[in-house]
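In what follows, a single structure is set out as structure tokens and then discussed.
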Amino acid sequence: MTGVISMSNPAGQSSSLFPNYARYSINLVKGQGSWLWDDQGNKYLDFMSGIAVTNLGHAPEKVKAKLKNQLDELWHVSNLFQIPNQEKAASLLTANSCADAVFFCNSGAEANEAAIKLARRYHQKIQNNGRFEIITFIQSFHGRTLATLTATGQDKVKDGFLPLPAGFKNVPLHDLDALKAAITDKTAAIMLELVLAEGGVLPVEAEFVQAVKALCEEHGLLLILDEVQTGMGRTGKLFAHEHYGIEPDIFTLAKGIASGFPAGAMLGKAFLRDAFSAGSHGSTFGGTPIATAAIIATIETMLEDQLPQRADEMGAYLQEQLAEKLAGIPHVKAIRGLGLLIGIECAEPVSDLVIEGQKRGLLFITAGPNVIRLLPNLYVSKEEIDQAVSIIADVIHDHTAIKKA
Ligand SMILES: *Cc1c(COP(=O)(O)O)cnc(C)c1O
């Protein structure tokens, strides 16, 4: 081990952490609204929001106030007791969605795990038909637990984790024939993201979504939508399925649900209620008084300030500005997305561009090797968008110029 390695890479050999994250060498120490500061006093415009988590920006006042109050009152009691905040958070979610019942957990993977378990238990205990299989799509991302990485349609998350749990099939997106062929008398559900976010910011075609919904109805399958990244106002509606005129039987939330406090939720229709009878599923930390205080404040703020609508307007403005400022750059293949979940597909890998952006004070991420992913908070201003677009245009221009030289 050399001193140089440990200095330039604090998470390298000298770290007490497992090296499972390839970390950037920036230490962020403070956040406010759209801005972050590092320990050297550098300021960054945040167009990644902790990967679609801080949808209200950093340290939003109303959530902070509610959390501070709750810190003074009560932190944790166990789900063996009634938890008024949990009831209130659930009723806010059901009042503002097509769902009738909520299960709270701590992350997106756990929410999807709960969805998979609810689908199986509904078929096995209510319908008594023994169905268990879940069909998902290639390039999807559903989490890192064994079941959810098996559901995920990307080989890289499965590498080295064999054997995988049985009961999952991945089929190509937008291939209705392949989907029909995959359905058997053991199929319990189809699980889908409406924008494949980690998979390259790929919005699913409305016609395909409607065909999937129709297939579910025809075959008695449950439709599970993974809204872990697309939910909570991100795409210009509170939940992305509102764009498509369909209702899922089950959908999942996490990331933006509590403004950065770790939390997730699995929501379902009333007819699924009895499938999760007492004792069938649970979580120590799911829906604690403090987590649900953060959820309540996040949803109330989002509705009061009409943030889904703002995401819709600012997303349109961001796409428009990108189209204008990146026009004619051959390196740029496509600009796409929904609301403030936007991808810029490039001809080559974009990981260097992320570093160049950081050097110029802009934080963004990738979605697969060739796609830049932009996820500003939902209060983002036009001035901040202009600033970000100008940095992105410079970074791509310079990169293309270096390549030519
Ligand atoms: C991030 C993400 C997950 C996993 O959420 P975790 O909180 O990391 O477990 C699942 N599905 C989608 C669509 C995601 O974007």
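Following the order of the structure tokens, chains are lettered A, B, ..., residues in each are numbered from 1, and ligands are numbered from 1.
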
Mind running chain A against ligand 1 at 8 Å and telling me each contacting residue's nearest atom pair with the distance in Å (one decimal), counting only C-alpha atoms and all ligand atoms, chain and number ascending, as JSON lines?
```
{"residue": "A:Ile51", "atom": "CA", "partner": "ligand 1", "partner_atom_place_in_ligand_line": "1 (C)", "distance": 7.6}
{"residue": "A:Asn106", "atom": "CA", "partner": "ligand 1", "partner_atom_place_in_ligand_line": "7 (O)", "distance": 7.4}
{"residue": "A:Ser107", "atom": "CA", "partner": "ligand 1", "partner_atom_place_in_ligand_line": "7 (O)", "distance": 3.8}
{"residue": "A:Gly108", "atom": "CA", "partner": "ligand 1", "partner_atom_place_in_ligand_line": "5 (O)", "distance": 3.3}
{"residue": "A:Ala109", "atom": "CA", "partner": "ligand 1", "partner_atom_place_in_ligand_line": "9 (O)", "distance": 3.6}
{"residue": "A:Glu110", "atom": "CA", "partner": "ligand 1", "partner_atom_place_in_ligand_line": "9 (O)", "distance": 6.3}
{"residue": "A:Ala111", "atom": "CA", "partner": "ligand 1", "partner_atom_place_in_ligand_line": "9 (O)", "distance": 7.9}
{"residue": "A:Asn112", "atom": "CA", "partner": "ligand 1", "partner_atom_place_in_ligand_line": "10 (C)", "distance": 7.0}
{"residue": "A:Ser140", "atom": "CA", "partner": "ligand 1", "partner_atom_place_in_ligand_line": "13 (C)", "distance": 7.4}
{"residue": "A:Phe141", "atom": "CA", "partner": "ligand 1", "partner_atom_place_in_ligand_line": "11 (N)", "distance": 5.3}
{"residue": "A:His142", "atom": "CA", "partner": "ligand 1", "partner_atom_place_in_ligand_line": "11 (N)", "distance": 3.8}
{"residue": "A:Gly143", "atom": "CA", "partner": "ligand 1", "partner_atom_place_in_ligand_line": "4 (C)", "distance": 4.0}
{"residue": "A:Arg144", "atom": "CA", "partner": "ligand 1", "partner_atom_place_in_ligand_line": "9 (O)", "distance": 6.4}
{"residue": "A:Thr145", "atom": "CA", "partner": "ligand 1", "partner_atom_place_in_ligand_line": "9 (O)", "distance": 7.8}
{"residue": "A:Thr148", "atom": "CA", "partner": "ligand 1", "partner_atom_place_in_ligand_line": "10 (C)", "distance": 7.9}
{"residue": "A:Glu193", "atom": "CA", "partner": "ligand 1", "partner_atom_place_in_ligand_line": "13 (C)", "distance": 6.1}
{"residue": "A:Leu196", "atom": "CA", "partner": "ligand 1", "partner_atom_place_in_ligand_line": "13 (C)", "distance": 7.0}
{"residue": "A:Ala197", "atom": "CA", "partner": "ligand 1", "partner_atom_place_in_ligand_line": "15 (O)", "distance": 6.2}
{"residue": "A:Glu198", "atom": "CA", "partner": "ligand 1", "partner_atom_place_in_ligand_line": "15 (O)", "distance": 6.3}
{"residue": "A:Asp226", "atom": "CA", "partner": "ligand 1", "partner_atom_place_in_ligand_line": "13 (C)", "distance": 5.5}
{"residue": "A:Glu227", "atom": "CA", "partner": "ligand 1", "partner_atom_place_in_ligand_line": "13 (C)", "distance": 6.0}
{"residue": "A:Val228", "atom": "CA", "partner": "ligand 1", "partner_atom_place_in_ligand_line": "12 (C)", "distance": 4.7}
{"residue": "A:Gln229", "atom": "CA", "partner": "ligand 1", "partner_atom_place_in_ligand_line": "15 (O)", "distance": 4.3}
{"residue": "A:Thr230", "atom": "CA", "partner": "ligand 1", "partner_atom_place_in_ligand_line": "13 (C)", "distance": 7.2}
{"residue": "A:Ala254", "atom": "CA", "partner": "ligand 1", "partner_atom_place_in_ligand_line": "7 (O)", "distance": 6.0}
{"residue": "A:Lys255", "atom": "CA", "partner": "ligand 1", "partner_atom_place_in_ligand_line": "7 (O)", "distance": 6.0}
{"residue": "A:Pro262", "atom": "CA", "partner": "ligand 1", "partner_atom_place_in_ligand_line": "7 (O)", "distance": 7.9}
{"residue": "A:Ala263", "atom": "CA", "partner": "ligand 1", "partner_atom_place_in_ligand_line": "7 (O)", "distance": 7.9}
{"residue": "A:Gly264", "atom": "CA", "partner": "ligand 1", "partner_atom_place_in_ligand_line": "7 (O)", "distance": 7.3}
```

Any chance you can output those residues with C-alpha atoms as a PDB file, in the first residue's frame?
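Saved the output as out.pdb:
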```
ATOM      1  CA  ILE A  51     -30.203   9.750  -7.029  1.00  0.00           C
ATOM      2  CA  ASN A 106     -36.975   1.298   4.664  1.00  0.00           C
ATOM      3  CA  SER A 107     -35.831   1.148   1.043  1.00  0.00           C
ATOM      4  CA  GLY A 108     -36.788   0.526  -2.564  1.00  0.00           C
ATOM      5  CA  ALA A 109     -35.526  -3.048  -2.578  1.00  0.00           C
ATOM      6  CA  GLU A 110     -37.615  -3.837   0.487  1.00  0.00           C
ATOM      7  CA  ALA A 111     -40.686  -2.209  -1.064  1.00  0.00           C
ATOM      8  CA  ASN A 112     -40.248  -4.387  -4.175  1.00  0.00           C
ATOM      9  CA  SER A 140     -34.923  -2.917 -15.542  1.00  0.00           C
ATOM     10  CA  PHE A 141     -33.608  -2.270 -12.033  1.00  0.00           C
ATOM     11  CA  HIS A 142     -35.522  -3.390  -8.952  1.00  0.00           C
ATOM     12  CA  GLY A 143     -32.948  -3.553  -6.132  1.00  0.00           C
ATOM     13  CA  ARG A 144     -30.104  -5.519  -4.558  1.00  0.00           C
ATOM     14  CA  THR A 145     -31.751  -8.119  -2.316  1.00  0.00           C
ATOM     15  CA  THR A 148     -35.030  -8.017  -6.370  1.00  0.00           C
ATOM     16  CA  GLU A 193     -40.782   0.582 -14.247  1.00  0.00           C
ATOM     17  CA  LEU A 196     -36.318   2.419 -16.907  1.00  0.00           C
ATOM     18  CA  ALA A 197     -34.134   4.820 -14.977  1.00  0.00           C
ATOM     19  CA  GLU A 198     -30.947   2.915 -14.077  1.00  0.00           C
ATOM     20  CA  ASP A 226     -41.838  -0.007  -9.479  1.00  0.00           C
ATOM     21  CA  GLU A 227     -42.149   3.746  -8.862  1.00  0.00           C
ATOM     22  CA  VAL A 228     -39.152   3.892  -6.531  1.00  0.00           C
ATOM     23  CA  GLN A 229     -37.454   6.422  -8.831  1.00  0.00           C
ATOM     24  CA  THR A 230     -40.410   7.722 -10.904  1.00  0.00           C
ATOM     25  CA  ALA A 254     -38.836   4.873  -1.721  1.00  0.00           C
ATOM     26  CA  LYS A 255     -36.119   7.357  -2.836  1.00  0.00           C
ATOM     27  CA  PRO A 262     -34.537   6.291   4.681  1.00  0.00           C
ATOM     28  CA  ALA A 263     -38.035   4.994   3.951  1.00  0.00           C
ATOM     29  CA  GLY A 264     -40.020   2.965   1.442  1.00  0.00           C
TER      30      GLY A 264
END
```

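Those residues that approach stretch 322-325 of chain A to within 10 Å, counting only C-alpha atoms, are A:Ala316, A:Tyr317, A:Val332, A:Ala334, A:Ile335, A:Arg336, A:Ile344, A:Ile385, A:Asp386, A:Ala388, A:Val389, A:Ser390, A:Ile392, A:Ala393, A:Asp394; same-chain residues fewer than 5 positions away are not listed.
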
Taking the chain letters and numbering used in this document, name the residues of stretch 185-241 of chain A that DSSP puts in strand (DSSP E or B), as a list in words.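 Selecting the strand (DSSP E or B) positions of stretch 185-241 of chain A gives Thr187, Ala188, Ala189, Ile190, Met191, Leu192, Val195, Leu196, Leu202, Pro203, Leu222, Leu223, Ile224, Leu225 and Asp226 of chain A.
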
Identify, on the basis of only C-alpha atoms, every residue whose closest approach to stretch 269-273 of chain A does not exceed 6 Å; exclude the query and any residue fewer than 3 positions from it along the same chain; express the result as an mmCIF file with N, CA and C atoms, in the first residue's frame.
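Result went into selection.cif, see below:
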```cif
data_model
loop_
_atom_site.group_PDB
_atom_site.id
_atom_site.type_symbol
_atom_site.label_atom_id
_atom_site.label_comp_id
_atom_site.auth_asym_id
_atom_site.auth_seq_id
_atom_site.Cartn_x
_atom_site.Cartn_y
_atom_site.Cartn_z
ATOM 1 N N ALA A 99 -54.356 3.622 -4.765
ATOM 2 C CA ALA A 99 -54.173 2.519 -3.816
ATOM 3 C C ALA A 99 -55.070 2.682 -2.592
ATOM 4 N N ASP A 100 -55.296 1.569 -1.888
ATOM 5 C CA ASP A 100 -56.156 1.583 -0.703
ATOM 6 C C ASP A 100 -55.433 1.175 0.572
ATOM 7 N N ASP A 249 -52.112 -2.702 -9.696
ATOM 8 C CA ASP A 249 -52.656 -3.361 -8.503
ATOM 9 C C ASP A 249 -51.781 -3.067 -7.300
ATOM 10 N N PHE A 276 -52.055 -9.937 3.061
ATOM 11 C CA PHE A 276 -51.041 -9.620 4.086
ATOM 12 C C PHE A 276 -51.708 -9.643 5.470
#
```

Shell of 6 Å around A:Gly339, only C-alpha atoms, local chain residues under 4 positions omitted, as a ChimeraX atom specification: /A:235-236,311-312,315

Please, could you write that set of residues out with C-alpha atoms as a compact mmCIF listing (two decimals), in the first residue's frame?
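Just written: selection.txt:
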```
# COMPACT_ATOMS: atom_id res chain seq x y z
CA THR A 235 -41.93 12.74 -13.63
CA GLY A 236 -44.42 15.62 -13.50
CA ALA A 311 -41.53 19.17 -12.34
CA ASP A 312 -43.60 18.93 -15.50
CA GLY A 315 -38.70 19.29 -17.13
```

Find the residues near A:Val77: any atom within 12 Å, counting only C-alpha atoms, skip ones fewer than 2 places away on the same chain, and give them as a CSV table (one decimal) with N, CA and C atoms, in the first residue's frame.
```csv
chain,number,residue,atom,x,y,z
A,73,GLU,N,-40.3,14.4,20.6
A,73,GLU,CA,-41.4,13.6,21.1
A,73,GLU,C,-41.2,12.1,21.2
A,74,LEU,N,-40.9,11.5,20.1
A,74,LEU,CA,-40.8,10.0,20.1
A,74,LEU,C,-40.1,9.5,18.8
A,75,TRP,N,-39.1,8.6,18.9
A,75,TRP,CA,-38.4,8.1,17.8
A,75,TRP,C,-38.9,6.8,17.3
A,79,ASN,N,-43.8,-1.9,15.6
A,79,ASN,CA,-45.1,-2.0,14.9
A,79,ASN,C,-46.0,-2.9,15.7
A,80,LEU,N,-45.7,-3.3,16.9
A,80,LEU,CA,-46.6,-4.0,17.8
A,80,LEU,C,-47.6,-3.0,18.4
A,81,PHE,N,-47.4,-1.7,18.2
A,81,PHE,CA,-48.3,-0.6,18.6
A,81,PHE,C,-48.9,0.1,17.5
A,82,GLN,N,-50.0,0.8,17.8
A,82,GLN,CA,-50.6,1.8,16.8
A,82,GLN,C,-49.6,2.9,16.7
A,83,ILE,N,-49.4,3.4,15.4
A,83,ILE,CA,-48.5,4.5,15.2
A,83,ILE,C,-49.3,5.6,14.4
A,84,PRO,N,-49.7,6.6,15.1
A,84,PRO,CA,-50.6,7.6,14.5
A,84,PRO,C,-49.9,8.2,13.2
A,85,ASN,N,-48.7,8.5,13.3
A,85,ASN,CA,-48.0,9.1,12.1
A,85,ASN,C,-48.1,8.2,10.9
A,86,GLN,N,-48.0,6.9,11.2
A,86,GLN,CA,-48.0,5.9,10.1
A,86,GLN,C,-49.4,5.8,9.5
A,284,THR,N,-38.9,-4.2,11.4
A,284,THR,CA,-38.7,-3.5,12.6
A,284,THR,C,-38.8,-2.0,12.5
A,285,PHE,N,-38.1,-1.5,11.4
A,285,PHE,CA,-38.0,0.0,11.3
A,285,PHE,C,-39.1,0.5,10.4
A,286,GLY,N,-39.9,-0.3,9.7
A,286,GLY,CA,-40.8,0.2,8.7
A,286,GLY,C,-41.8,1.2,9.3
A,287,GLY,N,-41.9,2.4,8.9
A,287,GLY,CA,-42.9,3.3,9.3
A,287,GLY,C,-42.8,3.8,10.7
A,288,THR,N,-41.6,4.0,11.3
A,288,THR,CA,-41.4,4.5,12.6
A,288,THR,C,-42.0,5.9,12.7
A,289,PRO,N,-42.3,6.3,14.0
A,289,PRO,CA,-42.9,7.7,14.1
A,289,PRO,C,-42.0,8.7,13.4
A,290,ILE,N,-40.7,8.6,13.5
A,290,ILE,CA,-39.8,9.6,12.9
A,290,ILE,C,-39.8,9.5,11.4
A,291,ALA,N,-39.7,8.3,10.8
A,291,ALA,CA,-39.7,8.1,9.4
A,291,ALA,C,-41.0,8.6,8.8
```

Long-range neighbours of A:Met191 as a ChimeraX atom specification, 12 Å cut-off, only C-alpha atoms, 6 positions minimum in chain: /A:112-113,115-116,119,133-138,140-142,148,151-153,168-171,173,179,209,212-213,216,221-227,248-252

Counting only C-alpha atoms, closest pick from A:Leu118, A:Thr184, A:Gln70, A:Gly337 relative to A:Val204 is A:Gly337

In stretch 74-279 of chain A, what's alpha helix (DSSP H) per DSSP? Answer as a ChimeraX atom specification? /A:84-95,108-121,146-151,176-182,206-219

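The list of residues with at least one atom within 9 Å of A:Ile391, based on only C-alpha atoms and without residues fewer than 4 positions apart in the same chain, reads Gly357, Arg360, Gly361, Leu362, Asp386, Gln387, Val395 and Ile396 of chain A.
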
Between atom CA of A:Phe239 and atom CA of A:Ser97, measure the distance and give it in Å to one decimal. 7.8 Å

Kindly give the distance, in Å, that separates atom CA of A:His243 and atom CA of A:Ala211, rounded to a single decimal.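 Interatomic distance, atom CA of A:His243 to atom CA of A:Ala211: 15.0 Å.
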
Selected residue, from A:Gln358, A:Ser277, A:Asn96, A:Thr366, that lies nearest to A:Glu345 when counting only C-alpha atoms: A:Thr366

To one decimal place in Å, what is the distance between atom CA of A:His331 and atom CA of A:Phe364?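 Spanning atom CA of A:His331 to atom CA of A:Phe364 is a straight-line distance of 17.8 Å.
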
Rank nothing, just name the residue among A:Leu318, A:Ile299, A:Val201, A:Ala293 nearest to A:Lys382, using only C-alpha atoms. A:Leu318
